[in-house]
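Notes for the one structure printed next.
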Amino acid sequence: MGRCALARVFLSYAKEPDDPAHQDAVLQLWAFLRDNGVDAEVDLVETHERRDWPLWIGEQLREADFVLVIASPAYRRSAEGRGGAHEERGVQWEARLIREAFYADRNAVKRIVPVVLPGRSADDVPGFLAPATSTVYPVSDFTVEGAEALLRLLTNQPEFVRRKLGTAPVLEPRQVPPRPQPAPAVQNVVTGDVHGVVIQVGNTGSVTVSGTPAIRVGEGANPPTERAFEEAARRSGGRLGAPIGRAYREGPGFVQHFTSGAVLCAVAGKRAVVVAGPIWDDLSALPGFPEGPGFPAEDQPDAATRAIDLNGGAWRNGVLHRDPAIQAARWQPRPRLDTETIGPFWLPAAGPADLTVRAVATLPWQLGDDVEITRQTRDLIEAALPEAPISTLLPALSLLRRARTAPARWERASGADVRQTGRDTRYDYTLRRPADGRTAVRAVARILLPGNWTSAVTVSVEFQANFTVWAATRPKGTAVDLRVTANEIVELWAAAWQTAAVVVPGALVPDPERAALLAPPAVTLQVKTDTSLPAVADLSTFGRPEGLPGPQGGVTLVAPIGLGHSERRTWAVRAMTRLARQWGFVDADESDLRRRSRS
C-alpha cells in the first residue's frame, strides 16, 4: 500500500520536575519520527531563537495533522486543572487549548493522539482523552517494532486492509426440523401384575432450571467503590430496585443502573450518590459528559430538582440547570479564579498604547460548522454596542479628568492592521482630540469565530489610552491626576467583561447565557502598558510594592456567562487583588479597593 503525503505532527508534553529523563525521551521520539518520514515539531529544538511562544504554539496546534499528547503525571495535572499556580503555566495554557479543541471538534479524536512513552502508563493520559474507551498509542522503544502502531497511524499504513467484497454464494433453503418434545420430568414404570388404579405422581414434562446468581450492588467496581455503592444503596432505603447490570467505569468514576430507573455513580475516591433516572438522562445529554461535567456531588433522588451541583470532571465544580418547560438542561460553572492561564497576551492588543485594559471572553459554544459573521450579524453588533456599559464608561472617565474630546460613536474598524472577514470583525469607539483628530482614548470590540486564533468563539473588549494626547485635551493647569486608578481598572474590567460575554456575542447567539457549552466559559482580565506601569496606573490604594511592577499581567476567571454587574465587579476586585500581589503589592487585600485612591 502506498504511503500518504508527509504528515505534520506536533509533540505536546510537560517537563517532569522529578524525572529529567522524560524530556530526553520526548526528544528521542521527535528524532525517531523525523528519521522515519514524519514531519514532527517540538519546542525543544526552537529554544535557540527568541519567540512569542503562545503564538508559535498556537500556530503548531492549528497546522498539525496530528497533535501527540505525551502522557505524564505533570501533563495530566495541567490538563485537568490540578497543576499549581506556578507549575508549567505554558503547558497549562497549551493543554487548555487542546482540551477545548477536543470538545469543540467531533473529529478531534482522530487528530489528538495520546502517546505513552517507555516507563509511563495509560494512567498518565488526561481524562478528557478517554484513555479507558479510546485508543492509546504505546511506544515500548524507539524502533519501528516498538512504535509500529503509532507509525502506522501517522503514515497512513494500516496493519490490515479492508478486502474487496466478493459475490455472495447461492444457498438452497433447508427444511426446519420438527421441535423435539422434552422428556417427562417424572417417569412412572409399572411392572408385573397390577390390580386397581395407577396414580402418577409429579407434573409430566416439568423442568426445573437452576437460578442465575443475582448481580450485587457495586459488582464490577473496585473494592472501595463497591463499598461506597453499598452504603448509597442502604441510604436509599430499598428504593433503587435490583441492579440491571454490573457497575462500569464511566468518565471520572463508576456507574451502575437499577430497575427503578435510578443510577448509582461515584467519582474515584469520593462517596457514591443516588441519581434519579430523569436527572441522569439530562446529565447524559450534556456535551462532554461525563469527562467534562462530572457527577452529582450529593444524592439526587427527586426527579423534579432544578439545580444540581456537579464535580469530579475535568471542568471542575459546576451546576446542572434543568427547566424542561423552557429548554434542554444546561451546565454552568461555579465562579472561580483559574490558575491555568495567567498573563500572556496570546491575542494581540488592538495596537500600541500607553495603557491597555481588557477582557477576553472565551465562549466554547456548540455551534454549527457553517456559522459565519454575516451582514445581519454586523447590523446586530452595531445596534447593541452603543448600549454596552463600556460605551458610557469611557466618556465618564474622560470627564472626570476634565478632558474635552470630540463626540464618539462605534465604527467598523479599518486600516492596514485590521482584517474584516466572515470569521473576524472589529469595531472601534474613539475619543479624539478635536484640534488634530488624534486618538486620546478608545474602546475596541473584536469577535473571532473558531479558526486560526482560537478553538472557541472569542470576544475581546479593551480600553486603550494614549496619555500625551489625552493630557492635551484638558485645559491648561488642570491638576487632576490623569492616571487610571485600581478601582477604575476594576470598573473597566466589569464593563468590558459584560460587553465581551453578552453584548457582542448576542449578535451571534440569541441567548448567550443558555447556549450549550462544550467546555467551561472563561474570561481573562488583563492590563498592559508600553511604558512604566506606575506612570499610567495609580495603584497606591495597595500601598508600596516590593520592587517595580511589571509591564503586564492578567487573571483568568471561569464563570457563568450571565453574571450580573455586581457579581462581575466582585470577581474583578478579586482578580485585581491577585494581580496586585503578583506585581509586588504583597499585602494587597480586597478591602483596599473599597477605599478611594484619589480625592
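Just so we're on the same page: first chain in the C-alpha cells is A, next is B, and so on; residues restart at 1 for each chain, and ligands are numbered from 1 in the order they show up.
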- Near A:Ala31, within 12 Å and counting only C-alpha atoms, which residues show up once chain neighbours fewer than 4 positions away are dropped, as number ranges by chain? A: 11, 24-27, 35-42, 44-45, 142-143
- Query: Hey, what's within 7 Å of stretch 482-494 of chain A if we count only C-alpha atoms and toss same-chain stuff fewer than 5 positions away? As a list in words, please?
  - Reply: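 My reading of the contact set: Val357, Arg358, Ala359, Arg401, Leu525, Val536, Ala537, Asp538, Leu539, His565, Arg568, Arg569, Ala572, Val573, Met576, Leu593 and Ser597 of chain A.
All residues of protein, DNA or RNA that reach within 8 Å of stretch 372-388 of chain A, judged by only C-alpha atoms and not counting those fewer than 3 positions away in the chain, are Ser391, Thr392, Arg409, Trp410, Glu411, Thr421, Gly422, Arg423, Asp424, Thr425, Leu449, Ala495, Gln498, Thr499, Val503, Val504, Gly506, Ala507 and Leu508 of chain A.
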- For A:Arg96, the nearest of the candidates A:Thr458, A:Ser78, A:Thr478, A:Thr473, counting only C-alpha atoms: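 Answer, going by the shortest atom-to-atom distance: A:Ser78.
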- Excluding same-chain residues fewer than 2 positions from stretch 296-305 of chain A, what lies within 9 Å of it counting only C-alpha atoms, as number ranges by chain? A: 232, 236, 262, 265-267, 271-279, 294, 307-312, 319-320, 322
Write a file of the just-selected residues containing N, CA, C and O atoms, as a short mmCIF file (atom, residue, chain, number, x, y, z; two decimals), in the first residue's frame.
data_model
loop_
_atom_site.label_atom_id
_atom_site.label_comp_id
_atom_site.auth_asym_id
_atom_site.auth_seq_id
_atom_site.Cartn_x
_atom_site.Cartn_y
_atom_site.Cartn_z
N ALA A 232 -24.54 3.72 49.64
CA ALA A 232 -25.55 4.57 48.99
C ALA A 232 -26.86 3.80 48.84
O ALA A 232 -27.95 4.37 49.00
N SER A 236 -30.68 4.68 50.39
CA SER A 236 -31.89 4.83 49.56
C SER A 236 -33.09 4.11 50.15
O SER A 236 -34.22 4.29 49.67
N ALA A 262 -33.22 4.55 38.56
CA ALA A 262 -32.20 5.35 39.23
C ALA A 262 -30.81 4.81 38.90
O ALA A 262 -30.64 3.70 38.39
N CYS A 265 -23.64 6.44 41.10
CA CYS A 265 -22.39 6.84 40.48
C CYS A 265 -21.45 7.36 41.56
O CYS A 265 -21.89 7.81 42.62
N ALA A 266 -20.18 7.28 41.27
CA ALA A 266 -19.17 7.73 42.25
C ALA A 266 -17.93 8.18 41.52
O ALA A 266 -17.42 7.47 40.65
N VAL A 267 -17.45 9.37 41.85
CA VAL A 267 -16.14 9.82 41.42
C VAL A 267 -15.10 9.06 42.23
O VAL A 267 -15.31 8.78 43.42
N ARG A 271 -17.62 9.58 47.87
CA ARG A 271 -18.76 8.73 48.19
C ARG A 271 -19.68 8.62 46.99
O ARG A 271 -19.77 9.52 46.15
N ALA A 272 -20.38 7.48 46.91
CA ALA A 272 -21.35 7.24 45.84
C ALA A 272 -22.63 8.01 46.11
O ALA A 272 -22.99 8.26 47.27
N VAL A 273 -23.33 8.40 45.05
CA VAL A 273 -24.58 9.13 45.19
C VAL A 273 -25.67 8.46 44.36
O VAL A 273 -25.40 7.80 43.36
N VAL A 274 -26.90 8.66 44.81
CA VAL A 274 -28.08 8.16 44.11
C VAL A 274 -28.60 9.26 43.21
O VAL A 274 -28.77 10.40 43.64
N VAL A 275 -28.87 8.93 41.94
CA VAL A 275 -29.35 9.93 40.98
C VAL A 275 -30.63 9.41 40.33
O VAL A 275 -30.64 8.30 39.77
N ALA A 276 -31.71 10.20 40.40
CA ALA A 276 -32.96 9.82 39.76
C ALA A 276 -32.76 9.69 38.25
O ALA A 276 -31.98 10.42 37.64
N GLY A 277 -33.51 8.76 37.63
CA GLY A 277 -33.35 8.48 36.21
C GLY A 277 -33.47 9.70 35.31
O GLY A 277 -32.61 9.92 34.44
N PRO A 278 -34.51 10.55 35.47
CA PRO A 278 -34.62 11.73 34.59
C PRO A 278 -33.44 12.70 34.72
O PRO A 278 -33.03 13.30 33.74
N ILE A 279 -32.90 12.82 35.94
CA ILE A 279 -31.73 13.69 36.11
C ILE A 279 -30.53 13.10 35.37
O ILE A 279 -29.78 13.80 34.70
N GLY A 294 -18.67 15.87 34.98
CA GLY A 294 -18.57 15.07 36.19
C GLY A 294 -19.92 14.56 36.66
O GLY A 294 -20.88 14.50 35.88
N ALA A 307 -31.72 22.39 40.16
CA ALA A 307 -30.30 22.76 40.15
C ALA A 307 -29.50 21.71 40.92
O ALA A 307 -29.80 21.44 42.09
N ILE A 308 -28.53 21.11 40.27
CA ILE A 308 -27.76 20.02 40.86
C ILE A 308 -26.27 20.37 40.79
O ILE A 308 -25.73 20.64 39.70
N ASP A 309 -25.60 20.38 41.94
CA ASP A 309 -24.16 20.62 41.97
C ASP A 309 -23.42 19.41 41.40
O ASP A 309 -23.73 18.26 41.74
N LEU A 310 -22.43 19.68 40.55
CA LEU A 310 -21.62 18.64 39.93
C LEU A 310 -20.15 18.87 40.25
O LEU A 310 -19.71 20.01 40.39
N ASN A 311 -19.40 17.77 40.35
CA ASN A 311 -17.95 17.89 40.49
C ASN A 311 -17.30 16.60 40.02
O ASN A 311 -17.97 15.66 39.61
N GLY A 312 -15.97 16.58 40.09
CA GLY A 312 -15.22 15.38 39.73
C GLY A 312 -14.78 15.32 38.30
O GLY A 312 -13.93 14.50 37.94
N VAL A 319 -22.85 23.43 37.86
CA VAL A 319 -24.26 23.21 38.21
C VAL A 319 -25.01 22.76 36.97
O VAL A 319 -24.84 23.34 35.88
N LEU A 320 -25.82 21.72 37.13
CA LEU A 320 -26.75 21.30 36.08
C LEU A 320 -28.07 22.04 36.31
O LEU A 320 -28.71 21.87 37.35
N ARG A 322 -31.92 22.62 35.19
CA ARG A 322 -32.98 21.89 34.49
C ARG A 322 -34.26 22.70 34.54
O ARG A 322 -34.73 23.07 35.61
#
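With only C-alpha atoms as the atoms that count, the residue of A:Asp589, A:Pro510, A:Trp497, A:Ala516 with the shortest distance to A:Glu567 is A:Trp497.
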- Task: Write out as a list in words the residues lying within 10 Å of A:Val116, counting only C-alpha atoms and excluding same-chain residues fewer than 4 positions away.
- Result: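 Here the answer would be Leu68, Val69, Ile70, Ala71, Ser72, Arg120, Ser121, Ala122, Asp123, Asp124, Val125, Val136, Tyr137, Pro138, Val139 and Ser140 of chain A.
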- Message: Could you go through stretch 335-485 of chain A and tell me which residues DSSP, when run on the backbone, assigns to alpha helix (DSSP H), listing them as a list in words?
- Response: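 Of stretch 335-485 of chain A, only Arg375, Gln376, Thr377, Arg378, Asp379, Leu380, Ile381, Glu382, Ala383, Ala384, Pro389, Ile390, Ser391, Thr392, Leu393, Leu394, Pro395, Ala396, Leu397, Ser398, Leu399, Leu400, Phe467, Thr468, Val469, Trp470, Ala471 and Ala472 of chain A fall in alpha helix (DSSP H).
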Write out as a PDB file with N, CA, C and O atoms, in the first residue's frame each polymer residue whose atoms come within 9 Å of A:Ala353, counting only C-alpha atoms; drop sequence neighbours fewer than 6 positions from it.
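Contents of out-v3.pdb, as written:
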ATOM      1  N   GLN A 464      -8.068  51.561  25.646  1.00  0.00           N
ATOM      2  CA  GLN A 464      -6.704  51.969  25.382  1.00  0.00           C
ATOM      3  C   GLN A 464      -6.586  53.474  25.561  1.00  0.00           C
ATOM      4  O   GLN A 464      -7.470  54.238  25.140  1.00  0.00           O
ATOM      5  N   ALA A 465      -5.490  53.906  26.172  1.00  0.00           N
ATOM      6  CA  ALA A 465      -5.261  55.331  26.416  1.00  0.00           C
ATOM      7  C   ALA A 465      -3.872  55.725  25.950  1.00  0.00           C
ATOM      8  O   ALA A 465      -2.897  55.006  26.198  1.00  0.00           O
ATOM      9  N   ASN A 466      -3.786  56.872  25.249  1.00  0.00           N
ATOM     10  CA  ASN A 466      -2.519  57.499  24.870  1.00  0.00           C
ATOM     11  C   ASN A 466      -2.405  58.780  25.695  1.00  0.00           C
ATOM     12  O   ASN A 466      -3.099  59.777  25.437  1.00  0.00           O
ATOM     13  N   PHE A 467      -1.572  58.748  26.718  1.00  0.00           N
ATOM     14  CA  PHE A 467      -1.609  59.773  27.748  1.00  0.00           C
ATOM     15  C   PHE A 467      -1.152  61.150  27.255  1.00  0.00           C
ATOM     16  O   PHE A 467      -1.657  62.181  27.723  1.00  0.00           O
ATOM     17  N   LYS A 528      -1.927  45.978  30.383  1.00  0.00           N
ATOM     18  CA  LYS A 528      -0.640  46.016  29.674  1.00  0.00           C
ATOM     19  C   LYS A 528      -0.262  47.471  29.447  1.00  0.00           C
ATOM     20  O   LYS A 528      -1.111  48.314  29.159  1.00  0.00           O
ATOM     21  N   THR A 529       1.011  47.755  29.594  1.00  0.00           N
ATOM     22  CA  THR A 529       1.491  49.101  29.305  1.00  0.00           C
ATOM     23  C   THR A 529       2.712  49.012  28.401  1.00  0.00           C
ATOM     24  O   THR A 529       3.516  48.080  28.504  1.00  0.00           O
ATOM     25  N   ASP A 530       2.833  50.000  27.497  1.00  0.00           N
ATOM     26  CA  ASP A 530       4.026  50.104  26.666  1.00  0.00           C
ATOM     27  C   ASP A 530       5.039  51.065  27.276  1.00  0.00           C
ATOM     28  O   ASP A 530       6.047  51.409  26.647  1.00  0.00           O
ATOM     29  N   THR A 531       4.749  51.493  28.506  1.00  0.00           N
ATOM     30  CA  THR A 531       5.678  52.373  29.227  1.00  0.00           C
ATOM     31  C   THR A 531       5.828  51.819  30.641  1.00  0.00           C
ATOM     32  O   THR A 531       5.759  50.609  30.841  1.00  0.00           O
TER      33      THR A 531
END
- Message: Which residues are near A:Gly584? Cut-off 8 Å, only C-alpha atoms, ignore same chain within fewer than 4 positions. Put them as an MDAnalysis selection string.
- Response: chainID A and resid 545:549 580
Residue subset to file, keeping N, CA and C atoms, as a compact mmCIF listing (two decimals), in the first residue's frame:
# COMPACT_ATOMS: atom_id res chain seq x y z
N PRO A 545 4.83 48.82 46.58
CA PRO A 545 5.20 47.49 46.09
C PRO A 545 6.62 47.11 46.51
N GLU A 546 6.87 45.81 46.54
CA GLU A 546 8.23 45.30 46.74
C GLU A 546 8.88 45.21 45.37
N GLY A 547 9.51 46.26 44.93
CA GLY A 547 10.09 46.29 43.61
C GLY A 547 9.18 47.02 42.63
N LEU A 548 9.58 47.02 41.35
CA LEU A 548 8.84 47.73 40.31
C LEU A 548 7.83 46.79 39.66
N PRO A 549 6.53 47.16 39.62
CA PRO A 549 5.54 46.29 38.97
C PRO A 549 5.88 46.06 37.50
N ALA A 580 -2.37 42.51 41.84
CA ALA A 580 -1.54 43.43 42.62
C ALA A 580 -0.47 42.66 43.39
- Just asking: which residues within stretch 404-520 of chain A are strand (DSSP E) according to DSSP, as a ChimeraX atom specification? /A:410-412,424-432,439-448,457-465,484-485
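The space separating atom CA of A:Arg249 from atom CA of A:Val113 comes to 21.3 Å.
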- Task: In Å, rounded to a single decimal, give me how far atom CA of A:Ser260 is from atom CA of A:Pro243.
- Result: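 Those two atoms sit 9.0 Å apart.
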- Figure out the distance between atom CA of A:Pro534 and atom CA of A:Pro551, please, to one decimal in Å. 9.3 Å
